[in-house]
Structure formats: structure tokens, C-alpha cells
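> Below is the file structure09.pdb, which contains PDB, C-alpha atoms.
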ATOM      1  CA  MET V   1     -16.152 -21.467   5.516  1.00  0.00           C
ATOM      2  CA  ILE V   2     -13.723 -24.374   6.016  1.00  0.00           C
ATOM      3  CA  GLY V   3     -12.904 -24.359   2.295  1.00  0.00           C
ATOM      4  CA  ALA V   4     -12.241 -20.615   2.346  1.00  0.00           C
ATOM      5  CA  LEU V   5      -9.974 -21.001   5.375  1.00  0.00           C
ATOM      6  CA  LEU V   6      -8.037 -23.861   3.760  1.00  0.00           C
ATOM      7  CA  ALA V   7      -7.470 -21.789   0.619  1.00  0.00           C
ATOM      8  CA  TYR V   8      -6.354 -18.757   2.662  1.00  0.00           C
ATOM      9  CA  ARG V   9      -2.678 -17.850   2.254  1.00  0.00           C
ATOM     10  CA  PRO V  10      -1.709 -15.471   5.110  1.00  0.00           C
ATOM     11  CA  LEU V  11      -0.387 -12.047   4.031  1.00  0.00           C
ATOM     12  CA  LEU V  12      -1.192 -12.737   0.353  1.00  0.00           C
ATOM     13  CA  ASP V  13      -4.943 -13.249   0.405  1.00  0.00           C
ATOM     14  CA  PRO V  14      -7.764 -11.420   2.197  1.00  0.00           C
ATOM     15  CA  ALA V  15      -9.222 -13.356   5.124  1.00  0.00           C
ATOM     16  CA  PRO V  16     -12.832 -14.584   4.794  1.00  0.00           C
ATOM     17  CA  ILE V  17     -14.327 -12.182   7.381  1.00  0.00           C
ATOM     18  CA  ASP V  18     -17.361 -10.862   5.512  1.00  0.00           C
ATOM     19  CA  ARG V  19     -19.823 -12.349   8.024  1.00  0.00           C
ATOM     20  CA  TYR V  20     -17.800 -11.373  11.096  1.00  0.00           C
ATOM     21  CA  TRP V  21     -16.536  -7.899  10.216  1.00  0.00           C
ATOM     22  CA  LEU V  22     -18.391  -6.184  13.077  1.00  0.00           C
ATOM     23  CA  TRP V  23     -16.258  -8.113  15.586  1.00  0.00           C
ATOM     24  CA  PHE V  24     -13.219  -6.285  14.228  1.00  0.00           C
ATOM     25  CA  LEU V  25     -14.477  -2.880  15.401  1.00  0.00           C
ATOM     26  CA  PRO V  26     -14.327  -3.207  19.248  1.00  0.00           C
ATOM     27  CA  PRO V  27     -10.569  -4.017  19.216  1.00  0.00           C
ATOM     28  CA  LEU V  28     -10.022  -0.683  17.453  1.00  0.00           C
ATOM     29  CA  ILE V  29     -11.562   1.190  20.405  1.00  0.00           C
ATOM     30  CA  ILE V  30      -9.442  -0.798  22.868  1.00  0.00           C
ATOM     31  CA  VAL V  31      -6.174  -0.203  20.984  1.00  0.00           C
ATOM     32  CA  VAL V  32      -6.881   3.510  20.466  1.00  0.00           C
ATOM     33  CA  ALA V  33      -7.639   3.905  24.195  1.00  0.00           C
ATOM     34  CA  LEU V  34      -4.535   1.943  25.233  1.00  0.00           C
ATOM     35  CA  VAL V  35      -2.184   3.864  22.918  1.00  0.00           C
ATOM     36  CA  TYR V  36      -3.687   7.220  23.885  1.00  0.00           C
ATOM     37  CA  ARG V  37      -3.374   6.521  27.612  1.00  0.00           C
ATOM     38  CA  THR V  38       0.139   5.051  27.197  1.00  0.00           C
ATOM     39  CA  ILE V  39       1.273   8.282  25.572  1.00  0.00           C
ATOM     40  CA  LYS V  40      -0.639  10.778  27.717  1.00  0.00           C
ATOM     41  CA  SER V  41      -0.194   9.293  31.213  1.00  0.00           C
ATOM     42  CA  ASP V  42       2.870  10.311  33.234  1.00  0.00           C
ATOM     43  CA  SER V  43       2.871   6.949  34.997  1.00  0.00           C
ATOM     44  CA  LEU V  44       1.734   3.592  33.654  1.00  0.00           C
ATOM     45  CA  GLY V  45       0.440   2.582  37.098  1.00  0.00           C
ATOM     46  CA  GLY V  46      -3.297   2.994  36.546  1.00  0.00           C
ATOM     47  CA  LEU V  47      -3.180   2.383  32.806  1.00  0.00           C
ATOM     48  CA  ALA V  48      -5.699  -0.478  32.683  1.00  0.00           C
ATOM     49  CA  ARG V  49      -8.309   1.463  34.649  1.00  0.00           C
ATOM     50  CA  SER V  50      -7.904   4.738  32.750  1.00  0.00           C
ATOM     51  CA  ALA V  51      -7.871   2.967  29.366  1.00  0.00           C
ATOM     52  CA  GLY V  52     -10.937   0.950  30.380  1.00  0.00           C
ATOM     53  CA  PHE V  53     -12.755   4.154  31.323  1.00  0.00           C
ATOM     54  CA  LEU V  54     -11.836   5.687  27.958  1.00  0.00           C
ATOM     55  CA  VAL V  55     -13.116   2.550  26.154  1.00  0.00           C
ATOM     56  CA  LEU V  56     -16.393   2.953  28.048  1.00  0.00           C
ATOM     57  CA  GLN V  57     -16.642   6.655  27.161  1.00  0.00           C
ATOM     58  CA  VAL V  58     -15.989   6.057  23.459  1.00  0.00           C
ATOM     59  CA  SER V  59     -18.399   3.104  23.324  1.00  0.00           C
ATOM     60  CA  VAL V  60     -21.207   5.036  25.049  1.00  0.00           C
ATOM     61  CA  PHE V  61     -20.674   8.020  22.775  1.00  0.00           C
ATOM     62  CA  MET V  62     -20.718   5.801  19.665  1.00  0.00           C
ATOM     63  CA  VAL V  63     -23.959   4.108  20.782  1.00  0.00           C
ATOM     64  CA  LEU V  64     -25.537   7.520  21.497  1.00  0.00           C
ATOM     65  CA  ALA V  65     -24.394   8.834  18.110  1.00  0.00           C
ATOM     66  CA  ALA V  66     -25.821   5.756  16.384  1.00  0.00           C
ATOM     67  CA  ALA V  67     -29.127   6.137  18.274  1.00  0.00           C
ATOM     68  CA  GLY V  68     -29.284   9.836  17.372  1.00  0.00           C
ATOM     69  CA  LEU V  69     -28.665   9.149  13.704  1.00  0.00           C
ATOM     70  CA  TRP V  70     -31.260   6.369  13.747  1.00  0.00           C
ATOM     71  CA  LEU V  71     -33.851   8.746  15.267  1.00  0.00           C
ATOM     72  CA  LEU V  72     -32.957  11.377  12.691  1.00  0.00           C
ATOM     73  CA  LEU V  73     -33.500   8.810   9.967  1.00  0.00           C
ATOM     74  CA  LEU V  74     -36.935   7.972  11.397  1.00  0.00           C
ATOM     75  CA  LEU V  75     -37.969  11.634  11.518  1.00  0.00           C
ATOM     76  CA  VAL V  76     -36.786  12.631   8.035  1.00  0.00           C
TER      77      VAL V  76
ATOM     78  CA  MET N   1      15.890  19.035  22.478  1.00  0.00           C
ATOM     79  CA  TRP N   2      14.291  16.930  19.769  1.00  0.00           C
ATOM     80  CA  ASN N   3      15.001  13.214  19.964  1.00  0.00           C
ATOM     81  CA  LEU N   4      15.158  12.562  16.219  1.00  0.00           C
ATOM     82  CA  PRO N   5      17.029   9.185  16.215  1.00  0.00           C
ATOM     83  CA  ALA N   6      14.290   7.762  18.460  1.00  0.00           C
ATOM     84  CA  ALA N   7      11.667   9.153  16.083  1.00  0.00           C
ATOM     85  CA  VAL N   8      13.302   7.366  13.138  1.00  0.00           C
ATOM     86  CA  ALA N   9      13.511   4.145  15.188  1.00  0.00           C
ATOM     87  CA  GLY N  10       9.826   4.530  16.050  1.00  0.00           C
ATOM     88  CA  TRP N  11       8.988   4.934  12.378  1.00  0.00           C
ATOM     89  CA  LEU N  12      10.950   1.783  11.476  1.00  0.00           C
ATOM     90  CA  VAL N  13       9.411  -0.331  14.260  1.00  0.00           C
ATOM     91  CA  PRO N  14       6.548   1.082  16.372  1.00  0.00           C
ATOM     92  CA  GLY N  15       7.636   1.515  20.009  1.00  0.00           C
ATOM     93  CA  LEU N  16      11.351   0.989  19.296  1.00  0.00           C
ATOM     94  CA  GLY N  17      12.084   4.698  19.794  1.00  0.00           C
ATOM     95  CA  HIS N  18      10.609   4.565  23.311  1.00  0.00           C
ATOM     96  CA  ILE N  19      12.568   1.405  24.140  1.00  0.00           C
ATOM     97  CA  LEU N  20      15.865   2.907  22.927  1.00  0.00           C
ATOM     98  CA  SER N  21      15.184   6.049  24.991  1.00  0.00           C
ATOM     99  CA  GLY N  22      14.765   4.022  28.160  1.00  0.00           C
ATOM    100  CA  HIS N  23      10.946   4.042  28.294  1.00  0.00           C
ATOM    101  CA  THR N  24      10.876   0.268  27.961  1.00  0.00           C
ATOM    102  CA  ARG N  25       7.405  -0.550  29.320  1.00  0.00           C
ATOM    103  CA  ARG N  26       5.803   2.253  27.325  1.00  0.00           C
ATOM    104  CA  GLY N  27       7.658   1.100  24.186  1.00  0.00           C
ATOM    105  CA  VAL N  28       6.690  -2.545  24.570  1.00  0.00           C
ATOM    106  CA  LEU N  29       3.032  -1.555  25.046  1.00  0.00           C
ATOM    107  CA  LEU N  30       3.119   0.639  21.941  1.00  0.00           C
ATOM    108  CA  MET N  31       4.882  -2.097  19.969  1.00  0.00           C
ATOM    109  CA  LEU N  32       2.243  -4.682  20.916  1.00  0.00           C
ATOM    110  CA  CYS N  33      -0.739  -2.385  20.283  1.00  0.00           C
ATOM    111  CA  ILE N  34       0.358  -0.599  17.107  1.00  0.00           C
ATOM    112  CA  GLY N  35       2.313  -3.538  15.650  1.00  0.00           C
ATOM    113  CA  GLY N  36      -0.566  -5.900  16.407  1.00  0.00           C
ATOM    114  CA  LEU N  37      -3.055  -3.564  14.736  1.00  0.00           C
ATOM    115  CA  TRP N  38      -0.853  -3.234  11.629  1.00  0.00           C
ATOM    116  CA  LEU N  39      -0.231  -6.986  11.402  1.00  0.00           C
ATOM    117  CA  THR N  40      -3.943  -7.737  11.829  1.00  0.00           C
ATOM    118  CA  GLY N  41      -4.699  -5.334   8.966  1.00  0.00           C
ATOM    119  CA  LEU N  42      -2.192  -7.139   6.773  1.00  0.00           C
ATOM    120  CA  LEU N  43      -3.555 -10.566   7.718  1.00  0.00           C
ATOM    121  CA  VAL N  44      -7.186  -9.545   7.168  1.00  0.00           C
ATOM    122  CA  GLY N  45      -6.772  -7.627   3.917  1.00  0.00           C
ATOM    123  CA  GLY N  46      -3.652  -9.182   2.413  1.00  0.00           C
ATOM    124  CA  ILE N  47      -0.978  -7.174   0.636  1.00  0.00           C
ATOM    125  CA  SER N  48      -3.425  -5.536  -1.759  1.00  0.00           C
ATOM    126  CA  VAL N  49      -4.642  -3.091   0.933  1.00  0.00           C
ATOM    127  CA  PHE N  50      -1.235  -1.389   0.724  1.00  0.00           C
ATOM    128  CA  GLN N  51      -1.727   0.511  -2.535  1.00  0.00           C
ATOM    129  CA  SER N  52      -0.059   3.871  -2.955  1.00  0.00           C
ATOM    130  CA  ARG N  53      -2.068   4.911  -6.014  1.00  0.00           C
ATOM    131  CA  ASN N  54      -5.624   4.595  -7.276  1.00  0.00           C
ATOM    132  CA  ALA N  55      -6.439   3.136 -10.685  1.00  0.00           C
ATOM    133  CA  ASP N  56      -6.376   6.640 -12.221  1.00  0.00           C
ATOM    134  CA  GLY N  57      -2.851   7.296 -10.875  1.00  0.00           C
ATOM    135  CA  THR N  58      -3.833   9.649  -8.048  1.00  0.00           C
ATOM    136  CA  ILE N  59      -2.329   9.140  -4.589  1.00  0.00           C
ATOM    137  CA  ARG N  60      -4.504   7.017  -2.307  1.00  0.00           C
ATOM    138  CA  PRO N  61      -5.065   8.980   0.943  1.00  0.00           C
ATOM    139  CA  TRP N  62      -5.246   5.821   3.102  1.00  0.00           C
ATOM    140  CA  TYR N  63      -1.679   5.020   2.094  1.00  0.00           C
ATOM    141  CA  LEU N  64      -0.429   8.278   3.609  1.00  0.00           C
ATOM    142  CA  GLY N  65      -1.603   6.984   6.978  1.00  0.00           C
ATOM    143  CA  GLN N  66      -0.254   3.493   6.390  1.00  0.00           C
ATOM    144  CA  ALA N  67       3.195   4.792   5.391  1.00  0.00           C
ATOM    145  CA  VAL N  68       3.808   6.227   8.878  1.00  0.00           C
ATOM    146  CA  ILE N  69       4.930   2.661   9.672  1.00  0.00           C
ATOM    147  CA  ALA N  70       7.998   1.905   7.530  1.00  0.00           C
ATOM    148  CA  PRO N  71       7.242  -1.789   6.806  1.00  0.00           C
ATOM    149  CA  SER N  72       4.121  -0.618   4.932  1.00  0.00           C
ATOM    150  CA  ILE N  73       6.428   0.791   2.264  1.00  0.00           C
ATOM    151  CA  ALA N  74       8.140  -2.604   1.868  1.00  0.00           C
ATOM    152  CA  VAL N  75       4.762  -4.349   1.570  1.00  0.00           C
ATOM    153  CA  GLU N  76       3.571  -1.780  -0.974  1.00  0.00           C
ATOM    154  CA  TYR N  77       6.787  -2.293  -2.967  1.00  0.00           C
ATOM    155  CA  THR N  78       6.181  -6.064  -3.001  1.00  0.00           C
ATOM    156  CA  TYR N  79       2.576  -5.545  -4.108  1.00  0.00           C
ATOM    157  CA  ASP N  80       3.701  -3.103  -6.805  1.00  0.00           C
ATOM    158  CA  SER N  81       6.319  -5.543  -8.126  1.00  0.00           C
ATOM    159  CA  TYR N  82       3.675  -8.297  -8.371  1.00  0.00           C
ATOM    160  CA  ARG N  83       1.434  -5.947 -10.343  1.00  0.00           C
ATOM    161  CA  ALA N  84       4.285  -4.825 -12.594  1.00  0.00           C
ATOM    162  CA  ARG N  85       4.920  -8.456 -13.536  1.00  0.00           C
ATOM    163  CA  ASN N  86       1.217  -8.769 -14.385  1.00  0.00           C
ATOM    164  CA  GLU N  87       0.974  -5.736 -16.715  1.00  0.00           C
ATOM    165  CA  ASN N  88      -0.063  -3.436 -13.829  1.00  0.00           C
ATOM    166  CA  ARG N  89      -3.297  -5.231 -13.077  1.00  0.00           C
ATOM    167  CA  ASP N  90      -4.520  -7.527 -10.320  1.00  0.00           C
ATOM    168  CA  PRO N  91      -4.579 -11.270 -11.098  1.00  0.00           C
ATOM    169  CA  MET N  92      -7.860 -12.616 -12.459  1.00  0.00           C
ATOM    170  CA  PRO N  93      -9.315 -16.145 -12.294  1.00  0.00           C
ATOM    171  CA  GLY N  94      -7.787 -18.085 -15.166  1.00  0.00           C
ATOM    172  CA  ASP N  95      -4.405 -16.344 -15.037  1.00  0.00           C
ATOM    173  CA  GLU N  96      -1.415 -18.687 -15.142  1.00  0.00           C
ATOM    174  CA  GLU N  97       0.052 -17.321 -11.935  1.00  0.00           C
ATOM    175  CA  ILE N  98      -1.976 -15.901  -9.039  1.00  0.00           C
ATOM    176  CA  PRO N  99       0.637 -14.668  -6.528  1.00  0.00           C
ATOM    177  CA  TYR N 100      -2.001 -12.951  -4.343  1.00  0.00           C
ATOM    178  CA  GLN N 101      -5.756 -12.412  -4.236  1.00  0.00           C
ATOM    179  CA  PRO N 102      -6.905  -8.780  -4.342  1.00  0.00           C
ATOM    180  CA  ALA N 103      -9.160  -7.842  -1.421  1.00  0.00           C
ATOM    181  CA  TYR N 104     -12.702  -6.594  -1.913  1.00  0.00           C
ATOM    182  CA  GLY N 105     -15.630  -5.758   0.357  1.00  0.00           C
ATOM    183  CA  ARG N 106     -15.317  -5.962   4.138  1.00  0.00           C
ATOM    184  CA  ALA N 107     -11.849  -7.570   4.139  1.00  0.00           C
ATOM    185  CA  TYR N 108     -10.550  -4.639   2.092  1.00  0.00           C
ATOM    186  CA  GLU N 109     -12.257  -2.069   4.335  1.00  0.00           C
ATOM    187  CA  ILE N 110     -11.165  -3.614   7.638  1.00  0.00           C
ATOM    188  CA  GLY N 111      -7.605  -4.298   6.411  1.00  0.00           C
ATOM    189  CA  THR N 112      -7.223  -0.746   5.103  1.00  0.00           C
ATOM    190  CA  LEU N 113      -8.729   0.770   8.251  1.00  0.00           C
ATOM    191  CA  TYR N 114      -6.543  -1.266  10.623  1.00  0.00           C
ATOM    192  CA  ALA N 115      -3.291  -0.498   8.754  1.00  0.00           C
ATOM    193  CA  ALA N 116      -4.085   3.214   8.361  1.00  0.00           C
ATOM    194  CA  LEU N 117      -5.170   3.590  11.990  1.00  0.00           C
ATOM    195  CA  ALA N 118      -1.977   1.829  13.107  1.00  0.00           C
ATOM    196  CA  GLY N 119      -0.008   4.388  11.085  1.00  0.00           C
ATOM    197  CA  LEU N 120      -1.864   7.337  12.604  1.00  0.00           C
ATOM    198  CA  LEU N 121      -1.397   5.976  16.136  1.00  0.00           C
ATOM    199  CA  ASN N 122       2.299   5.522  15.347  1.00  0.00           C
ATOM    200  CA  LEU N 123       2.417   9.184  14.314  1.00  0.00           C
ATOM    201  CA  LEU N 124       1.198  10.064  17.833  1.00  0.00           C
ATOM    202  CA  ALA N 125       3.869   7.784  19.318  1.00  0.00           C
ATOM    203  CA  ILE N 126       6.577   9.368  17.136  1.00  0.00           C
ATOM    204  CA  ILE N 127       5.538  12.900  18.144  1.00  0.00           C
ATOM    205  CA  ASP N 128       5.536  11.769  21.789  1.00  0.00           C
ATOM    206  CA  ILE N 129       9.080  10.363  21.664  1.00  0.00           C
ATOM    207  CA  VAL N 130      10.432  13.432  19.848  1.00  0.00           C
ATOM    208  CA  TYR N 131       9.595  15.563  22.894  1.00  0.00           C
ATOM    209  CA  ARG N 132       9.948  12.995  25.706  1.00  0.00           C
ATOM    210  CA  GLU N 133      13.065  13.180  27.873  1.00  0.00           C
ATOM    211  CA  PRO N 134      15.293  10.083  27.384  1.00  0.00           C
ATOM    212  CA  ILE N 135      16.115   8.047  30.495  1.00  0.00           C
ATOM    213  CA  ARG N 136      19.665   7.000  31.288  1.00  0.00           C
ATOM    214  CA  ALA N 137      19.950   3.224  31.461  1.00  0.00           C
ATOM    215  CA  ASP N 138      22.161   3.139  34.595  1.00  0.00           C
ATOM    216  CA  HIS N 139      20.155   5.272  37.028  1.00  0.00           C
ATOM    217  CA  LYS N 140      16.776   5.640  35.285  1.00  0.00           C
ATOM    218  CA  LEU N 141      17.171   9.420  35.502  1.00  0.00           C
ATOM    219  CA  PRO N 142      16.503  11.991  32.792  1.00  0.00           C
ATOM    220  CA  LEU N 143      19.615  12.802  30.761  1.00  0.00           C
ATOM    221  CA  GLY N 144      21.368  15.871  32.174  1.00  0.00           C
ATOM    222  CA  ALA N 145      20.362  15.159  35.768  1.00  0.00           C
ATOM    223  CA  GLY N 146      23.218  14.499  38.184  1.00  0.00           C
ATOM    224  CA  PRO N 147      23.921  11.174  39.921  1.00  0.00           C
ATOM    225  CA  PRO N 148      21.488  10.178  42.697  1.00  0.00           C
ATOM    226  CA  GLN N 149      22.201  11.958  46.002  1.00  0.00           C
ATOM    227  CA  PRO N 150      21.957  10.279  49.422  1.00  0.00           C
ATOM    228  CA  HIS N 151      18.992  12.450  50.446  1.00  0.00           C
ATOM    229  CA  ASP N 152      17.077  11.179  47.376  1.00  0.00           C
ATOM    230  CA  GLU N 153      16.674   7.822  49.111  1.00  0.00           C
ATOM    231  CA  GLN N 154      15.370   9.199  52.431  1.00  0.00           C
ATOM    232  CA  PRO N 155      11.766   8.499  53.391  1.00  0.00           C
ATOM    233  CA  PRO N 156       9.459  11.514  53.683  1.00  0.00           C
ATOM    234  CA  GLY N 157       9.754  13.265  57.057  1.00  0.00           C
ATOM    235  CA  ALA N 158      13.285  12.016  57.794  1.00  0.00           C
ATOM    236  CA  THR N 159      15.881  14.650  58.750  1.00  0.00           C
ATOM    237  CA  ALA N 160      19.343  14.886  57.161  1.00  0.00           C
TER     238      ALA N 160
END
What is this structure when it is put down as C-alpha cells?

Amino acid sequence: MIGALLAYRPLLDPAPIDRYWLWFLPPLIIVVALVYRTIKSDSLGGLARSAGFLVLQVSVFMVLAAAGLWLLLLLV
Amino acid sequence: MWNLPAAVAGWLVPGLGHILSGHTRRGVLLMLCIGGLWLTGLLVGGISVFQSRNADGTIRPWYLGQAVIAPSIAVEYTYDSYRARNENRDPMPGDEEIPYQPAYGRAYEIGTLYAALAGLLNLLAIIDIVYREPIRADHKLPLGAGPPQPHDEQPPGATA
């Protein structure tokens, strides 16, 4: 890991993330929720709360979808 | 009326259209979120995730999303010029010069996904600023509205 990081040239080479790629998915949900709420809300007053609620909704739906697909896989 | 100059500014730098139209906080938020996502994609995947064409010459659909942020086109041009110098192929171990490492596996997937999603979110931001009323810098009022009147400042319930 240290060797791969030392050889890494930012912007030119891919980062050595193969073992940690799942950690790159939650920030996507957060950014999508923040951008969506920034655009849709008339006022930015309650942005953190409304974006947080949207993050929760998306996360719960994704977990439910994953559980449903897993059950489907068990049944078929 | 359509705010096309702000849309072009938003395409060049995410959030800049909102900032130029007076929606500074909204623009800074968009710049941090969308710009950060795009930059993370570039850092994770390297320049090789910005390919406009597949090996068979067909257009790569992910690039259509990435190109909604103008700097993607500059990165793709740089990547293309590296490949052109190397007989239109990625560098291989043993080559004399290896200007960049092509991305494979998860780094390629995450880098491509981040950059393309940043482009699609920027498309939403561009559409938003095309229709959003600009704010005048001096009074923070929509363009076309008159100067603030004395009764605008009165607390609710007060009589004139």
C-alpha cells in the first residue's frame, strides 16, 4: 500500500483504491442530496436538515432494494 | 427570460453562473459539491477516465455526462494528445516514456462514475440558473423590481 501511494502521481495515475472502493459510494449520496436541495429549495435556511433527510431516504431505499434483490436471488 | 451567459459560466466552472447572478451562497455550495466530485473523480481515476471514444471508435456514453463540465474537455484533449504521441494506444510496461497510467478495475469505475455524475449534477445546476431570476448586487432584489420602499422595512402589524 505504501509503495503504491509513493508511486502515485496525482491526476496522471489511478489511485490505489481497490480495497476501499465501497467507501466512495456514501459521498455520492450526500453530494446528490446537497445539490438537489440547493437547487430545489427557495431558501437555504434548512438546507442541512432537508439534505440529511434526503440522504436518509435514499440510503434506506438502497438498503431495501439490496435486501429485495438478495431475497429474489435466494428464491430463484 | 433565459439567463444564457450565466449558463455558459456555469458550464465553464460549476456554480459560477449562480455567483455571477447574485446567488452567491447557492453558487459556492454548488461549486464545492460539483467541483469536489469532479476533482475526486480525476484524482481517483487519473486522466484516462476522460475518454471520448471507445477502442472501436464509437462515442463513449459516459463522456457525454462528463463533458457537461468544460474542464473535462481540456483533460480529454490532454489524454488524447498523450495517446496520439504513443501511436493511439495506452502506455505499456517497458515503454520508454510512461506519461500516465491507464486506470482499470475499481479506480476506473469510481473515477468515471464521479466525473459523469458531477457532469449530470452540473446539468441540473445549469438548467436551474437559466430560469432563475438574477439578483441585483446593490439591493439584493430581482432585476426589474423597483428600489426598496419605506414600507418594505416596516415590521408586520405596523401602520403607515
> Show me, as a list in words, the residues that have an atom within 6 Å of segment 94-107 of chain N when counting all atoms listed in the file, minus same-chain residues fewer than 2 positions from it.
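Residues meeting the cut-off are Leu12, Asp13, Pro14 and Asp18 of chain V; Val44, Gly45, Ser48, Pro91, Met92, Glu109, Ile110 and Gly111 of chain N.
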> Selection from above, C-alpha atoms, as a PDB file, in the frame of the given file, can you write it?

ATOM      1  CA  LEU V  12      -1.192 -12.737   0.353  1.00  0.00           C
ATOM      2  CA  ASP V  13      -4.943 -13.249   0.405  1.00  0.00           C
ATOM      3  CA  PRO V  14      -7.764 -11.420   2.197  1.00  0.00           C
ATOM      4  CA  ASP V  18     -17.361 -10.862   5.512  1.00  0.00           C
TER       5      ASP V  18
ATOM      6  CA  VAL N  44      -7.186  -9.545   7.168  1.00  0.00           C
ATOM      7  CA  GLY N  45      -6.772  -7.627   3.917  1.00  0.00           C
ATOM      8  CA  SER N  48      -3.425  -5.536  -1.759  1.00  0.00           C
ATOM      9  CA  PRO N  91      -4.579 -11.270 -11.098  1.00  0.00           C
ATOM     10  CA  MET N  92      -7.860 -12.616 -12.459  1.00  0.00           C
ATOM     11  CA  GLU N 109     -12.257  -2.069   4.335  1.00  0.00           C
ATOM     12  CA  ILE N 110     -11.165  -3.614   7.638  1.00  0.00           C
ATOM     13  CA  GLY N 111      -7.605  -4.298   6.411  1.00  0.00           C
TER      14      GLY N 111
END
> So the first atom is atom CA of Tyr77 of chain N and the second is atom CA of Phe24 of chain V; what is the distance between them in Å, to one decimal place?
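For atom CA of Tyr77 of chain N relative to atom CA of Phe24 of chain V, the distance reads 26.7 Å.
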> Please report the interatomic distance between atom CA of Gly41 of chain N and atom CA of Ile2 of chain V in Å with one decimal.
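Separation of atom CA of Gly41 of chain N and atom CA of Ile2 of chain V: 21.3 Å.
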> Here is a test: counting only C-alpha atoms, which residue of N:Tyr108, N:Arg85, N:Leu124, N:Met31 is nearest to Ile17 of chain V?
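That would be N:Tyr108, the residue with the smallest distance to Ile17 of chain V.
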> Any idea what's packed within 12 Å of segment 54-70 of chain N, counting all atoms listed in the file, ignoring anything in its chain fewer than 3 positions away? Could you give it as a VMD selection string?
chain N and resid 7 to 16 31 34 to 35 37 to 39 41 to 42 48 to 51 73 to 77 88 to 90 108 to 109 111 to 127
> Export C-alpha atoms of segment 55-122 of chain N from the structure just given, as a PDB file, in the first residue's frame?

ATOM      1  CA  ALA N  55     -11.455   1.359 -28.793  1.00  0.00           C
ATOM      2  CA  ASP N  56     -13.723   0.693 -31.802  1.00  0.00           C
ATOM      3  CA  GLY N  57     -14.190   4.441 -32.432  1.00  0.00           C
ATOM      4  CA  THR N  58     -17.743   4.728 -31.093  1.00  0.00           C
ATOM      5  CA  ILE N  59     -18.623   7.581 -28.735  1.00  0.00           C
ATOM      6  CA  ARG N  60     -18.328   6.637 -25.064  1.00  0.00           C
ATOM      7  CA  PRO N  61     -21.659   7.491 -23.359  1.00  0.00           C
ATOM      8  CA  TRP N  62     -20.004   8.313 -20.003  1.00  0.00           C
ATOM      9  CA  TYR N  63     -18.104  11.115 -21.714  1.00  0.00           C
ATOM     10  CA  LEU N  64     -21.352  12.836 -22.693  1.00  0.00           C
ATOM     11  CA  GLY N  65     -22.073  13.247 -18.989  1.00  0.00           C
ATOM     12  CA  GLN N  66     -18.522  14.276 -18.156  1.00  0.00           C
ATOM     13  CA  ALA N  67     -18.452  16.937 -20.894  1.00  0.00           C
ATOM     14  CA  VAL N  68     -21.198  18.962 -19.177  1.00  0.00           C
ATOM     15  CA  ILE N  69     -18.282  20.381 -17.154  1.00  0.00           C
ATOM     16  CA  ALA N  70     -15.990  22.244 -19.573  1.00  0.00           C
ATOM     17  CA  PRO N  71     -12.638  21.317 -17.946  1.00  0.00           C
ATOM     18  CA  SER N  72     -13.405  17.673 -18.815  1.00  0.00           C
ATOM     19  CA  ILE N  73     -12.879  18.583 -22.465  1.00  0.00           C
ATOM     20  CA  ALA N  74      -9.427  20.020 -21.670  1.00  0.00           C
ATOM     21  CA  VAL N  75      -8.489  16.874 -19.729  1.00  0.00           C
ATOM     22  CA  GLU N  76      -9.741  14.659 -22.560  1.00  0.00           C
ATOM     23  CA  TYR N  77      -7.697  16.715 -25.044  1.00  0.00           C
ATOM     24  CA  THR N  78      -4.572  16.221 -22.903  1.00  0.00           C
ATOM     25  CA  TYR N  79      -5.242  12.482 -22.663  1.00  0.00           C
ATOM     26  CA  ASP N  80      -5.834  12.294 -26.420  1.00  0.00           C
ATOM     27  CA  SER N  81      -2.576  14.134 -27.171  1.00  0.00           C
ATOM     28  CA  TYR N  82      -0.647  11.692 -24.946  1.00  0.00           C
ATOM     29  CA  ARG N  83      -2.197   8.778 -26.829  1.00  0.00           C
ATOM     30  CA  ALA N  84      -1.509  10.364 -30.214  1.00  0.00           C
ATOM     31  CA  ARG N  85       2.180  10.598 -29.313  1.00  0.00           C
ATOM     32  CA  ASN N  86       2.081   6.896 -28.409  1.00  0.00           C
ATOM     33  CA  GLU N  87       0.527   5.620 -31.672  1.00  0.00           C
ATOM     34  CA  ASN N  88      -3.019   5.883 -30.241  1.00  0.00           C
ATOM     35  CA  ARG N  89      -2.503   3.319 -27.518  1.00  0.00           C
ATOM     36  CA  ASP N  90      -2.087   3.441 -23.754  1.00  0.00           C
ATOM     37  CA  PRO N  91       1.477   3.122 -22.406  1.00  0.00           C
ATOM     38  CA  MET N  92       2.594  -0.401 -21.525  1.00  0.00           C
ATOM     39  CA  PRO N  93       5.241  -1.579 -19.034  1.00  0.00           C
ATOM     40  CA  GLY N  94       8.573  -1.399 -20.826  1.00  0.00           C
ATOM     41  CA  ASP N  95       7.720   1.677 -22.897  1.00  0.00           C
ATOM     42  CA  GLU N  96      10.397   4.374 -22.900  1.00  0.00           C
ATOM     43  CA  GLU N  97       8.020   7.053 -21.685  1.00  0.00           C
ATOM     44  CA  ILE N  98       5.018   6.440 -19.420  1.00  0.00           C
ATOM     45  CA  PRO N  99       3.319   9.856 -19.105  1.00  0.00           C
ATOM     46  CA  TYR N 100       0.271   8.383 -17.310  1.00  0.00           C
ATOM     47  CA  GLN N 101      -1.018   5.029 -16.089  1.00  0.00           C
ATOM     48  CA  PRO N 102      -4.321   3.881 -17.604  1.00  0.00           C
ATOM     49  CA  ALA N 103      -6.969   3.084 -14.986  1.00  0.00           C
ATOM     50  CA  TYR N 104      -8.541  -0.347 -14.671  1.00  0.00           C
ATOM     51  CA  GLY N 105     -10.932  -2.031 -12.248  1.00  0.00           C
ATOM     52  CA  ARG N 106     -12.473  -0.119  -9.349  1.00  0.00           C
ATOM     53  CA  ALA N 107     -10.377   3.042  -9.829  1.00  0.00           C
ATOM     54  CA  TYR N 108     -11.657   3.281 -13.403  1.00  0.00           C
ATOM     55  CA  GLU N 109     -15.271   2.658 -12.352  1.00  0.00           C
ATOM     56  CA  ILE N 110     -15.276   5.091  -9.425  1.00  0.00           C
ATOM     57  CA  GLY N 111     -13.374   7.790 -11.362  1.00  0.00           C
ATOM     58  CA  THR N 112     -15.725   7.508 -14.339  1.00  0.00           C
ATOM     59  CA  LEU N 113     -18.819   7.474 -12.127  1.00  0.00           C
ATOM     60  CA  TYR N 114     -17.738  10.504 -10.077  1.00  0.00           C
ATOM     61  CA  ALA N 115     -16.843  12.622 -13.137  1.00  0.00           C
ATOM     62  CA  ALA N 116     -20.005  11.669 -15.049  1.00  0.00           C
ATOM     63  CA  LEU N 117     -22.262  12.243 -12.038  1.00  0.00           C
ATOM     64  CA  ALA N 118     -20.616  15.637 -11.476  1.00  0.00           C
ATOM     65  CA  GLY N 119     -21.451  16.499 -15.092  1.00  0.00           C
ATOM     66  CA  LEU N 120     -25.079  15.424 -14.738  1.00  0.00           C
ATOM     67  CA  LEU N 121     -25.479  17.388 -11.494  1.00  0.00           C
ATOM     68  CA  ASN N 122     -23.953  20.393 -13.263  1.00  0.00           C
TER      69      ASN N 122
END
